[in-house]
>>> print(open('work.cif').read())   # mmCIF, C-alpha atoms
data_data
#
loop_
_atom_site.label_atom_id
_atom_site.label_comp_id
_atom_site.auth_asym_id
_atom_site.auth_seq_id
_atom_site.Cartn_x
_atom_site.Cartn_y
_atom_site.Cartn_z
CA MET G 88 0.00 0.00 0.00
CA ASP G 89 1.33 3.39 -0.91
CA PRO G 90 2.19 5.55 2.13
CA LYS G 91 -0.12 8.28 0.88
CA ASP G 92 -2.99 5.81 0.68
CA PHE G 93 -2.18 4.69 4.19
CA THR G 94 -2.33 8.28 5.40
CA ARG G 95 -5.61 8.91 3.61
CA LEU G 96 -7.21 5.81 5.05
CA VAL G 97 -5.94 6.24 8.59
CA GLU G 98 -6.41 9.96 9.13
CA PRO G 99 -10.19 9.82 9.76
CA HIS G 100 -9.62 7.27 12.52
CA LEU G 101 -6.94 9.05 14.57
CA GLY G 102 -9.58 10.15 17.08
CA VAL G 103 -10.89 6.69 17.87
CA LEU G 104 -7.34 5.36 17.97
CA HIS G 105 -6.30 8.09 20.40
CA ARG G 106 -9.29 7.56 22.67
CA LEU G 107 -8.79 3.82 22.79
CA ALA G 108 -5.17 4.36 23.78
CA ARG G 109 -6.31 6.79 26.47
CA ARG G 110 -8.72 4.23 27.83
CA LEU G 111 -6.20 1.43 27.85
CA THR G 112 -3.42 3.31 29.61
CA ARG G 113 -3.03 5.12 32.90
CA THR G 114 -1.61 8.45 31.81
CA ARG G 115 -1.87 10.77 28.85
CA ALA G 116 1.84 10.30 28.12
CA GLU G 117 1.44 6.53 28.02
CA ALA G 118 -1.54 6.92 25.73
CA GLU G 119 0.38 9.13 23.32
CA ASP G 120 3.23 6.63 23.25
CA LEU G 121 0.86 3.74 22.67
CA ALA G 122 -1.10 5.48 19.92
CA GLN G 123 2.07 6.61 18.20
CA ASP G 124 3.76 3.24 18.40
CA GLY G 125 0.55 1.58 17.23
CA LEU G 126 0.43 3.86 14.23
CA ILE G 127 4.02 3.04 13.34
CA ARG G 128 3.36 -0.67 13.78
CA ALA G 129 0.33 -0.43 11.51
CA PHE G 130 2.37 1.44 8.92
CA GLU G 131 5.08 -1.19 9.01
CA ARG G 132 2.51 -3.92 8.52
CA ARG G 133 0.19 -2.12 6.14
CA GLU G 134 0.65 -4.73 3.43
CA ALA G 135 -1.20 -7.17 5.69
CA LEU G 136 -4.39 -5.12 5.36
CA ARG G 137 -6.34 -6.89 2.64
CA ASP G 138 -9.62 -5.01 2.88
CA GLU G 139 -9.44 -1.24 3.17
CA GLY G 140 -13.00 -1.18 4.45
CA ARG G 141 -11.84 -2.90 7.61
CA ILE G 142 -9.08 -0.48 8.43
CA ARG G 143 -10.68 0.94 11.57
CA GLY G 144 -10.97 -2.44 13.28
CA TRP G 145 -7.53 -3.42 12.02
CA LEU G 146 -5.95 -0.24 13.41
CA LEU G 147 -7.62 -0.66 16.77
CA ALA G 148 -6.54 -4.30 16.90
CA THR G 149 -2.95 -3.20 16.26
CA VAL G 150 -3.03 -0.72 19.13
CA ARG G 151 -4.77 -3.09 21.53
CA ASN G 152 -2.43 -5.97 20.76
CA LEU G 153 0.55 -3.72 21.30
CA HIS G 154 -0.89 -2.69 24.65
CA LEU G 155 -1.62 -6.27 25.71
CA ASN G 156 1.89 -7.35 24.77
CA ARG G 157 3.33 -4.53 26.82
CA ILE G 158 1.38 -5.19 29.97
CA ARG G 159 2.15 -8.88 29.62
CA ASP G 160 5.83 -7.98 29.78
CA GLU G 161 5.40 -5.55 32.64
CA LYS G 162 6.06 -6.47 36.22
CA PRO G 163 2.86 -6.71 38.23
CA HIS G 164 1.87 -3.44 39.77
CA LEU G 165 -0.55 -2.60 42.50
CA VAL G 166 -3.86 -1.11 41.50
CA VAL G 167 -5.77 0.70 44.18
CA LEU G 168 -9.42 -0.02 43.67
CA SER G 169 -10.88 2.09 46.42
CA GLY G 170 -10.40 5.62 47.62
CA LEU G 171 -9.25 6.72 44.18
CA GLY G 172 -8.30 10.34 43.90
CA GLY G 173 -10.95 11.68 46.19
CA ILE G 174 -13.78 10.34 44.06
CA GLU G 175 -16.73 10.25 46.36
CA PRO G 176 -19.96 8.50 45.43
CA ARG G 177 -22.85 10.90 45.34
CA SER G 178 -26.41 10.52 44.34
CA SER G 179 -29.64 12.36 44.02
CA GLY G 180 -31.50 9.11 44.39
CA ASP G 181 -32.59 8.15 40.86
CA LEU G 182 -30.06 6.09 38.93
CA GLU G 183 -31.58 6.48 35.50
CA ARG G 184 -32.10 10.19 35.91
CA GLU G 185 -28.57 10.68 37.20
CA ILE G 186 -27.16 8.76 34.26
CA GLN G 187 -29.31 10.72 31.85
CA ASP G 188 -28.34 14.01 33.47
CA GLY G 189 -24.68 13.13 33.25
CA ALA G 190 -24.45 13.59 37.01
CA LEU G 191 -22.19 10.60 37.50
CA PRO G 192 -19.05 11.16 35.45
CA ASP G 193 -16.63 10.18 38.20
CA GLU G 194 -18.65 7.13 39.13
CA LEU G 195 -18.98 6.18 35.49
CA VAL G 196 -15.25 6.41 34.90
CA LEU G 197 -14.56 4.44 38.05
CA ALA G 198 -17.08 1.74 37.15
CA LEU G 199 -15.64 1.52 33.65
CA ARG G 200 -12.14 1.15 35.05
CA ARG G 201 -13.29 -1.67 37.27
CA LEU G 202 -14.58 -3.75 34.39
CA PRO G 203 -12.30 -6.37 32.87
CA GLU G 204 -10.47 -4.78 29.94
CA ASP G 205 -12.18 -6.92 27.34
CA GLN G 206 -15.59 -5.83 28.60
CA SER G 207 -14.84 -2.14 29.03
CA THR G 208 -13.26 -1.93 25.58
CA VAL G 209 -16.25 -3.61 23.96
CA LEU G 210 -18.61 -1.23 25.74
CA TRP G 211 -16.55 1.81 24.84
CA LEU G 212 -16.24 0.91 21.18
CA ARG G 213 -19.96 0.26 20.90
CA ALA G 214 -21.50 2.99 23.05
CA VAL G 215 -19.06 5.81 22.36
CA GLU G 216 -17.36 5.07 19.07
CA ASP G 217 -20.44 3.47 17.49
CA LEU G 218 -18.58 0.51 16.00
CA SER G 219 -20.64 -2.39 14.71
CA TYR G 220 -20.28 -5.76 16.42
CA GLU G 221 -18.34 -6.96 13.40
CA GLU G 222 -15.85 -4.10 13.65
CA ILE G 223 -15.45 -4.68 17.38
CA ALA G 224 -14.85 -8.35 16.69
CA GLU G 225 -12.11 -7.35 14.25
CA ALA G 226 -10.56 -4.95 16.75
CA MET G 227 -10.54 -7.54 19.51
CA ALA G 228 -9.77 -10.60 17.40
CA THR G 229 -12.77 -12.41 18.75
CA PRO G 230 -16.01 -13.82 17.32
CA VAL G 231 -19.07 -11.60 16.98
CA GLY G 232 -20.95 -13.82 19.43
CA THR G 233 -18.31 -13.13 22.07
CA VAL G 234 -18.65 -9.41 21.45
CA ARG G 235 -22.37 -9.70 22.00
CA SER G 236 -22.07 -11.57 25.30
CA ARG G 237 -19.24 -9.39 26.62
CA LEU G 238 -21.22 -6.27 25.83
CA SER G 239 -24.24 -7.60 27.68
CA ARG G 240 -22.14 -8.49 30.70
CA ALA G 241 -20.43 -5.10 30.62
CA ARG G 242 -23.72 -3.21 30.58
CA ALA G 243 -25.17 -5.32 33.37
CA ALA G 244 -22.04 -4.90 35.49
CA MET G 245 -21.94 -1.14 34.95
CA ILE G 246 -25.53 -0.72 35.98
CA GLU G 247 -25.05 -2.95 38.99
CA THR G 248 -21.96 -1.03 40.08
CA LEU G 249 -23.62 2.34 39.63
CA GLU G 250 -26.64 1.14 41.53
CA ALA G 251 -24.43 -0.10 44.38
CA GLN G 252 -22.63 3.24 44.48
CA ARG G 253 -25.92 5.04 44.61
CA LEU G 254 -27.10 2.90 47.50
CA ALA G 255 -23.78 3.33 49.33
CA ALA G 256 -24.23 7.07 49.00
CA GLY G 257 -27.61 6.88 50.64
CA GLY G 258 -29.87 6.84 47.61
CA GLU G 259 -33.23 5.19 47.48
CA SER G 260 -33.43 1.50 46.65
CA MET M 227 -44.14 -14.69 30.73
CA ILE M 228 -40.54 -15.49 29.90
CA CYS M 229 -38.32 -12.43 29.53
CA PRO M 230 -35.59 -12.28 26.89
CA SER M 231 -32.05 -12.62 28.21
CA ASP M 232 -29.96 -9.54 28.97
CA GLU M 233 -27.82 -10.48 25.99
CA ILE M 234 -30.76 -10.35 23.61
CA LEU M 235 -32.01 -7.08 25.08
CA SER M 236 -28.54 -5.59 24.79
CA ALA M 237 -28.15 -6.72 21.17
CA SER M 238 -31.62 -5.46 20.36
CA LEU M 239 -30.72 -2.03 21.67
CA ASP M 240 -27.82 -1.99 19.23
CA GLY M 241 -29.86 -3.28 16.32
CA GLU M 242 -27.62 -6.35 16.29
CA ALA M 243 -30.14 -9.01 17.28
CA GLY M 244 -31.46 -11.30 14.59
CA SER M 245 -34.78 -10.49 12.98
CA THR M 246 -36.60 -13.21 14.94
CA GLU M 247 -35.15 -11.97 18.20
CA GLU M 248 -35.93 -8.37 17.34
CA GLU M 249 -39.56 -9.19 16.71
CA ALA M 250 -39.83 -11.20 19.93
CA VAL M 251 -38.29 -8.35 21.93
CA ARG M 252 -40.59 -5.81 20.32
CA LEU M 253 -43.67 -7.80 21.26
CA HIS M 254 -42.37 -8.57 24.73
CA LEU M 255 -41.62 -4.97 25.62
CA LYS M 256 -45.23 -4.04 25.02
CA SER M 257 -46.24 -6.00 28.07
CA CYS M 258 -43.14 -6.11 30.32
CA GLY M 259 -42.29 -3.03 32.34
CA ALA M 260 -39.19 -4.63 33.86
CA CYS M 261 -37.59 -5.26 30.47
CA ARG M 262 -38.55 -1.79 29.25
CA ALA M 263 -36.81 -0.37 32.32
CA ARG M 264 -33.79 -2.56 31.59
CA MET M 265 -33.60 -1.27 28.03
CA GLU M 266 -33.96 2.30 29.27
CA ASP M 267 -31.08 1.74 31.70
CA TYR M 268 -28.89 0.42 28.85
CA ALA M 269 -29.74 3.36 26.64
CA ALA M 270 -29.14 5.85 29.44
CA LEU M 271 -25.80 4.23 30.20
CA ASP M 272 -24.71 4.57 26.58
CA ARG M 273 -25.76 8.22 26.49
CA ALA M 274 -23.87 8.90 29.72
CA LEU M 275 -20.72 7.29 28.34
CA ARG M 276 -20.99 9.40 25.20
CA SER M 277 -21.19 12.50 27.38
CA LEU M 278 -17.89 11.83 29.15
CA PRO M 279 -15.17 14.37 28.31
CA LEU M 280 -12.95 11.64 26.88
CA ALA M 281 -15.63 10.71 24.36
CA ALA M 282 -15.14 14.05 22.63
CA GLU M 283 -11.39 14.31 23.07
CA PRO M 284 -9.57 14.95 19.78
CA PRO M 285 -6.38 13.08 18.97
CA ALA M 286 -3.13 14.53 20.24
CA SER M 287 -1.56 16.75 17.60
CA SER M 288 1.56 14.60 17.73
CA LEU M 289 -0.43 11.73 16.25
CA ALA M 290 -1.24 13.64 13.08
CA GLY M 291 2.43 14.65 12.93
CA THR M 292 3.45 11.03 13.20
CA LEU M 293 1.15 10.12 10.35
CA ARG M 294 2.60 12.86 8.15
CA GLY M 295 6.08 11.73 9.07
CA LEU M 296 5.31 8.15 8.15
CA SER M 297 3.96 9.24 4.82
CA ALA M 298 7.08 11.29 4.13
CA ALA M 299 9.39 8.51 5.28
CA GLY M 300 7.98 6.09 2.78
CA ARG M 301 7.45 8.40 -0.15
CA GLY M 302 8.48 7.94 -3.70
CA THR M 303 10.40 5.44 -5.76
CA GLY M 304 11.97 7.35 -8.63
CA TRP M 305 14.90 8.59 -6.60
CA ARG M 306 15.86 5.20 -5.26
CA ALA M 307 18.25 4.01 -7.90
CA GLY M 308 20.17 7.26 -7.75
CA VAL M 309 20.46 7.23 -4.02
CA TRP M 310 21.64 3.68 -3.85
CA ARG M 311 24.04 4.06 -6.71
CA THR M 312 25.67 6.87 -4.77
CA VAL M 313 25.52 4.91 -1.56
CA ALA M 314 27.11 1.99 -3.33
CA LYS M 315 29.90 4.13 -4.71
CA ALA M 316 30.57 5.88 -1.45
CA SER M 317 30.57 2.65 0.48
CA ALA M 318 32.26 0.57 -2.17
CA ALA M 319 34.14 -1.73 0.15
CA ALA M 320 31.17 -2.49 2.29
CA VAL M 321 28.81 -2.91 -0.64
CA ALA M 322 31.34 -5.16 -2.33
CA ALA M 323 31.11 -7.46 0.63
CA VAL M 324 27.41 -7.61 0.10
CA VAL M 325 27.67 -8.27 -3.61
CA VAL M 326 30.44 -10.83 -3.29
CA ALA M 327 28.32 -12.64 -0.78
CA ALA M 328 25.81 -12.50 -3.63
CA MET M 329 23.13 -11.43 -1.70
CA MET M 330 20.78 -9.10 -0.57
CA VAL M 331 19.29 -11.84 1.48
CA MET M 332 15.61 -11.31 1.89
CA GLU M 333 15.39 -12.82 5.31
CA PRO M 334 12.45 -14.88 6.39
CA GLY M 335 10.75 -13.91 9.61
CA THR M 336 12.98 -15.92 11.86
CA ALA M 337 14.01 -14.73 15.26
CA SER M 338 17.65 -13.71 15.21
CA PRO M 339 19.86 -10.87 16.39
CA ALA M 340 19.85 -9.51 12.83
CA ARG M 341 16.09 -9.49 12.72
CA ALA M 342 15.83 -7.83 16.12
CA LEU M 343 18.33 -5.26 14.94
CA ALA M 344 16.35 -4.62 11.75
CA ASP M 345 13.11 -4.19 13.68
CA ASP M 346 14.77 -1.87 16.15
CA ALA M 347 16.37 0.22 13.40
CA VAL M 348 13.15 0.59 11.41
CA SER M 349 11.21 1.63 14.50
CA ASN M 350 13.91 4.12 15.41
CA HIS M 351 14.06 5.54 11.89
CA LEU M 352 10.30 5.98 11.60
CA LEU M 353 9.91 7.36 15.08
CA ALA M 354 12.75 9.85 14.61
CA LEU M 355 11.19 11.20 11.43
CA ALA M 356 7.76 11.34 12.98
CA THR M 357 8.67 13.31 16.07
CA GLY M 358 10.15 16.71 16.79
CA ASP M 359 10.56 18.87 13.71
CA GLY M 360 10.42 15.81 11.47
CA SER M 361 14.06 15.98 10.42
CA GLY M 362 15.04 12.97 12.50
CA CYS M 363 18.02 14.91 13.84
CA GLN M 364 19.22 16.39 17.09
CA VAL M 365 21.82 18.41 15.27
CA GLU M 366 21.58 19.64 11.70
CA SER M 367 24.45 20.40 9.39
CA GLU M 368 25.53 19.63 5.85
CA ASP M 369 29.15 19.62 6.99
CA PRO M 370 30.47 16.09 7.69
CA GLY M 371 33.19 17.56 9.88
CA ALA M 372 30.65 19.38 12.04
CA ILE M 373 28.58 16.23 12.41
CA ALA M 374 31.65 14.17 13.33
CA ALA M 375 32.62 16.80 15.89
CA TRP M 376 29.15 16.74 17.43
CA ILE M 377 29.19 12.96 17.70
CA ALA M 378 32.64 13.10 19.29
CA GLU M 379 31.43 15.62 21.84
CA ALA M 380 28.03 14.11 22.50
CA MET M 381 28.97 10.47 22.45
CA GLY M 382 32.72 10.35 22.90
CA ARG M 383 33.19 8.48 19.63
CA GLU M 384 35.31 9.16 16.61
CA VAL M 385 33.40 8.31 13.45
CA GLU M 386 33.86 8.96 9.78
CA VAL M 387 30.73 10.54 8.36
CA PRO M 388 30.18 9.09 4.86
CA ARG M 389 30.05 11.54 1.95
CA LEU M 390 27.37 10.45 -0.49
CA ALA M 391 27.23 12.18 -3.85
CA GLY M 392 23.65 12.85 -4.77
CA ALA M 393 22.43 12.77 -1.21
CA THR M 394 22.41 15.72 1.15
CA LEU M 395 23.70 15.34 4.65
CA VAL M 396 21.00 16.57 7.00
CA GLY M 397 22.32 15.91 10.48
CA ALA M 398 22.64 13.33 13.20
CA ARG M 399 21.07 12.03 16.37
CA ARG M 400 21.94 9.81 19.27
CA CYS M 401 19.79 6.76 19.48
CA SER M 402 19.68 3.27 20.86
CA LEU M 403 19.91 0.03 18.92
CA LEU M 404 19.52 -3.20 20.85
CA GLY M 405 19.81 -1.19 24.01
CA GLU M 406 23.15 0.42 23.24
CA GLU M 407 23.89 3.99 22.25
CA THR M 408 24.45 4.40 18.54
CA ALA M 409 25.07 7.32 16.24
CA ALA M 410 22.59 7.80 13.43
CA ILE M 411 23.34 10.07 10.50
CA VAL M 412 20.51 11.36 8.38
CA TYR M 413 20.65 12.07 4.67
CA ARG M 414 18.01 13.25 2.29
CA ALA M 415 17.58 12.58 -1.40
CA GLY M 416 14.58 13.13 -3.59
CA GLY M 417 12.74 14.63 -0.65
CA THR M 418 13.01 11.52 1.47
CA ALA M 419 15.22 10.90 4.44
CA PHE M 420 17.22 7.81 5.21
CA SER M 421 19.32 6.94 8.23
CA ILE M 422 22.75 5.42 8.43
CA TYR M 423 23.58 3.89 11.78
CA LEU M 424 27.14 3.50 12.97
CA PRO M 425 27.03 1.06 15.88
CA PRO M 426 30.17 1.07 18.04
CA LYS M 427 32.67 -1.73 17.71
CA GLY M 428 31.90 -4.60 19.99
CA SER M 429 28.27 -3.61 20.44
CA ALA M 430 25.37 -6.04 20.07
CA ALA M 431 24.27 -4.16 16.95
CA ALA M 432 27.71 -4.49 15.39
CA ALA M 433 27.72 -8.20 16.23
CA ALA M 434 24.30 -8.62 14.65
CA CYS M 435 25.68 -7.15 11.42
CA ASP M 436 28.41 -9.78 11.30
CA GLY M 437 28.57 -12.32 8.50
CA ALA M 438 27.23 -11.86 5.00
CA GLY M 439 25.72 -8.55 4.11
CA ARG M 440 22.00 -8.69 4.11
CA CYS M 441 19.02 -6.68 3.20
CA VAL M 442 15.71 -7.13 4.94
CA GLU M 443 12.38 -5.48 4.35
CA ARG M 444 10.16 -4.29 7.13
CA GLY M 445 6.87 -2.61 6.30
CA GLY M 446 8.05 -0.78 3.23
CA GLN M 447 11.41 0.13 4.73
CA THR M 448 14.58 -1.59 3.67
CA VAL M 449 17.34 -2.30 6.14
CA CYS M 450 20.73 -2.91 4.65
CA MET M 451 23.42 -4.33 6.91
CA LEU M 452 26.91 -3.76 5.64
CA PRO M 453 29.52 -5.71 7.61
CA ASP M 454 33.06 -4.53 8.03
CA PRO M 455 36.08 -6.74 8.65
CA GLY M 456 37.41 -4.05 10.93
CA GLY M 457 34.37 -4.32 13.18
CA ALA M 458 32.79 -1.02 12.17
CA PRO M 459 29.68 -2.04 10.23
CA MET M 460 26.97 0.26 8.94
CA LEU M 461 23.26 -0.11 8.89
CA MET M 462 21.05 1.77 6.44
CA VAL M 463 17.32 2.28 6.72
CA GLY M 464 15.08 3.88 4.15
CA ALA M 465 12.09 3.29 1.90
CA LEU M 466 14.06 1.31 -0.66
CA PRO M 467 13.10 -1.99 -2.27
CA GLY M 468 15.71 -4.64 -1.57
CA GLN M 469 15.83 -6.16 -5.04
CA GLU M 470 16.41 -2.75 -6.54
CA LEU M 471 19.13 -2.11 -4.04
CA CYS M 472 20.70 -5.42 -4.96
CA SER M 473 20.84 -4.63 -8.65
CA VAL M 474 22.07 -1.11 -8.01
CA ALA M 475 24.76 -2.38 -5.70
CA ALA M 476 25.80 -5.05 -8.17
CA SER M 477 26.11 -2.55 -10.99
CA GLY M 478 27.76 0.13 -8.91
#
>>> encode(input="work.cif", output="structure tokens")
Amino acid sequence: MDPKDFTRLVEPHLGVLHRLARRLTRTRAEAEDLAQDGLIRAFERREALRDEGRIRGWLLATVRNLHLNRIRDEKPHLVVLSGLGGIEPRSSGDLEREIQDGALPDELVLALRRLPEDQSTVLWLRAVEDLSYEEIAEAMATPVGTVRSRLSRARAAMIETLEAQRLAAGGES
Amino acid sequence: MICPSDEILSASLDGEAGSTEEEAVRLHLKSCGACRARMEDYAALDRALRSLPLAAEPPASSLAGTLRGLSAAGRGTGWRAGVWRTVAKASAAAVAAVVVAAMMVMEPGTASPARALADDAVSNHLLALATGDGSGCQVESEDPGAIAAWIAEAMGREVEVPRLAGATLVGARRCSLLGEETAAIVYRAGGTAFSIYLPPKGSAAAAACDGAGRCVERGGQTVCMLPDPGGAPMLMVGALPGQELCSVAASG
């Protein structure tokens, strides 16, 4: 593939690539490194892309695989799952209304972070980036049926977590 | 009344359930408040996620710069023969070793120090061109003497900066190949940059260059390893097809 064609095909997807990298990593600097390295890796392997229509999933798969390889090589690190950064659960008592009003950004981010990576990524790519199940399957190198079940589990877990946070904050049951 | 599974409700929300499932869900929701509430929770969750600041965050500007750099790094083919003819002439002894060995060996994807070196060099070359001002250099000069002096000061190494007719010396940078500090010299010809690496004697990179000269391709970039009996090999990286390089080197 000609480098100019690669640029033309990839440019519209830099946003989704960047946001995925941000979601997968802990800091903005790590995300920039990951996105940049993923882009270079994709460029180096661009001849492997047989169907230009699948470039978005292929790009995302490249970045995610790079990330998974890196964390596999990393030494284990401690992840603090409670008391994060002064995030305090708060609630006005109605889960659906709070979600709809966008009143739970911290809780949402926290709940998303607590999901297994394969579930949170599926949910993000579907709900935010509007990828089809087929594209998500391409990005995660997994069958469409697995995407469907992971997405269902992710949504159920998110709602359960948000509900628990609401109750812990003294909301109505 | 049997409610559809969460998985079917979730897929239905996304329009990804099968037609039979979709119809069953549609009929079921008419009479099941609990499932309607479940669907509303899913939809509200999706909307909330889309409203997070990250959902609207644009890509870092460096990413677009990287993409432009990649495009520039791999641009063009018409200049290649000229560049490599001049490279071949300027590096006659080293290129001769390659030609005598008969081979611009197009290496298979086997794990080896040479392959690791090639991967490392290509990544370094592309990354250098994609970051900073895009020149791939920490110091810029067309004067080989100035570049050699900078390398001596910055790295404590005496190197001979190759003079390549037809290619313009751009500058140099310090970099790392196989974990060891290496000098990289950047040239430009036909609007495209290529890097020549001068790994120090005794380094892992120099050792990986040992044996027959070889040329490997990695993602549109060609890596040419030019061994040196004196232990001072060179490594070239640029968007150059190996077979073309082979013929140019052989005719040079």
>>> residues_near_point(input="work.cif", point="(-15.1, -10.4, 22.1)", cutoff="12 Å", atoms="only C-alpha atoms", output="CSV table (one decimal) with C-alpha atoms, in the frame of the given file")
chain,number,residue,atom,x,y,z
G,148,ALA,CA,-6.5,-4.3,16.9
G,203,PRO,CA,-12.3,-6.4,32.9
G,204,GLU,CA,-10.5,-4.8,29.9
G,205,ASP,CA,-12.2,-6.9,27.3
G,206,GLN,CA,-15.6,-5.8,28.6
G,207,SER,CA,-14.8,-2.1,29.0
G,208,THR,CA,-13.3,-1.9,25.6
G,209,VAL,CA,-16.2,-3.6,24.0
G,210,LEU,CA,-18.6,-1.2,25.7
G,212,LEU,CA,-16.2,0.9,21.2
G,213,ARG,CA,-20.0,0.3,20.9
G,220,TYR,CA,-20.3,-5.8,16.4
G,221,GLU,CA,-18.3,-7.0,13.4
G,222,GLU,CA,-15.8,-4.1,13.6
G,223,ILE,CA,-15.4,-4.7,17.4
G,224,ALA,CA,-14.8,-8.4,16.7
G,225,GLU,CA,-12.1,-7.4,14.2
G,226,ALA,CA,-10.6,-5.0,16.8
G,227,MET,CA,-10.5,-7.5,19.5
G,228,ALA,CA,-9.8,-10.6,17.4
G,229,THR,CA,-12.8,-12.4,18.8
G,230,PRO,CA,-16.0,-13.8,17.3
G,231,VAL,CA,-19.1,-11.6,17.0
G,232,GLY,CA,-21.0,-13.8,19.4
G,233,THR,CA,-18.3,-13.1,22.1
G,234,VAL,CA,-18.6,-9.4,21.4
G,235,ARG,CA,-22.4,-9.7,22.0
G,236,SER,CA,-22.1,-11.6,25.3
G,237,ARG,CA,-19.2,-9.4,26.6
G,238,LEU,CA,-21.2,-6.3,25.8
G,239,SER,CA,-24.2,-7.6,27.7
G,240,ARG,CA,-22.1,-8.5,30.7
G,241,ALA,CA,-20.4,-5.1,30.6
>>> resolve_selection(input="work.cif", expression="the PyMOL selection byres ((chain M) within 6 of (chain G))", output="ChimeraX atom specification")
/M:233,236,270,272,274,276,284-285,297,300,445
>>> closest_residue(input="work.cif", among="M:Thr357, M:Gly241, M:Gly259, M:Ser277", to="Leu293 in chain M", atoms="only C-alpha atoms")
M:Thr357
>>> residues_near_point(input="work.cif", point="(20.6, 11.8, 6.2)", cutoff="9 Å", atoms="all atoms listed in the file", output="list in words")
Ser361, Gly362, Cys363, Ala393, Thr394, Leu395, Val396, Gly397, Ala398, Ala410, Ile411, Val412, Tyr413, Arg414, Ala415, Thr418, Ala419, Phe420, Ser421 and Ile422 of chain M
>>> atom_distance(input="work.cif", atom1="CA of Arg444 in chain M", atom2="CA of Asp346 in chain M")
10.4 Å
>>> residues_around(input="work.cif", residues="Ala198 in chain G", least_positions_apart="4", cutoff="7 Å", atoms="all atoms listed in the file", output="JSON, numbers by chain")
{"G": [194, 202, 245, 248]}
>>> atom_distance(input="work.cif", atom1="CA of Met460 in chain M", atom2="CA of Gly371 in chain M")
18.4 Å
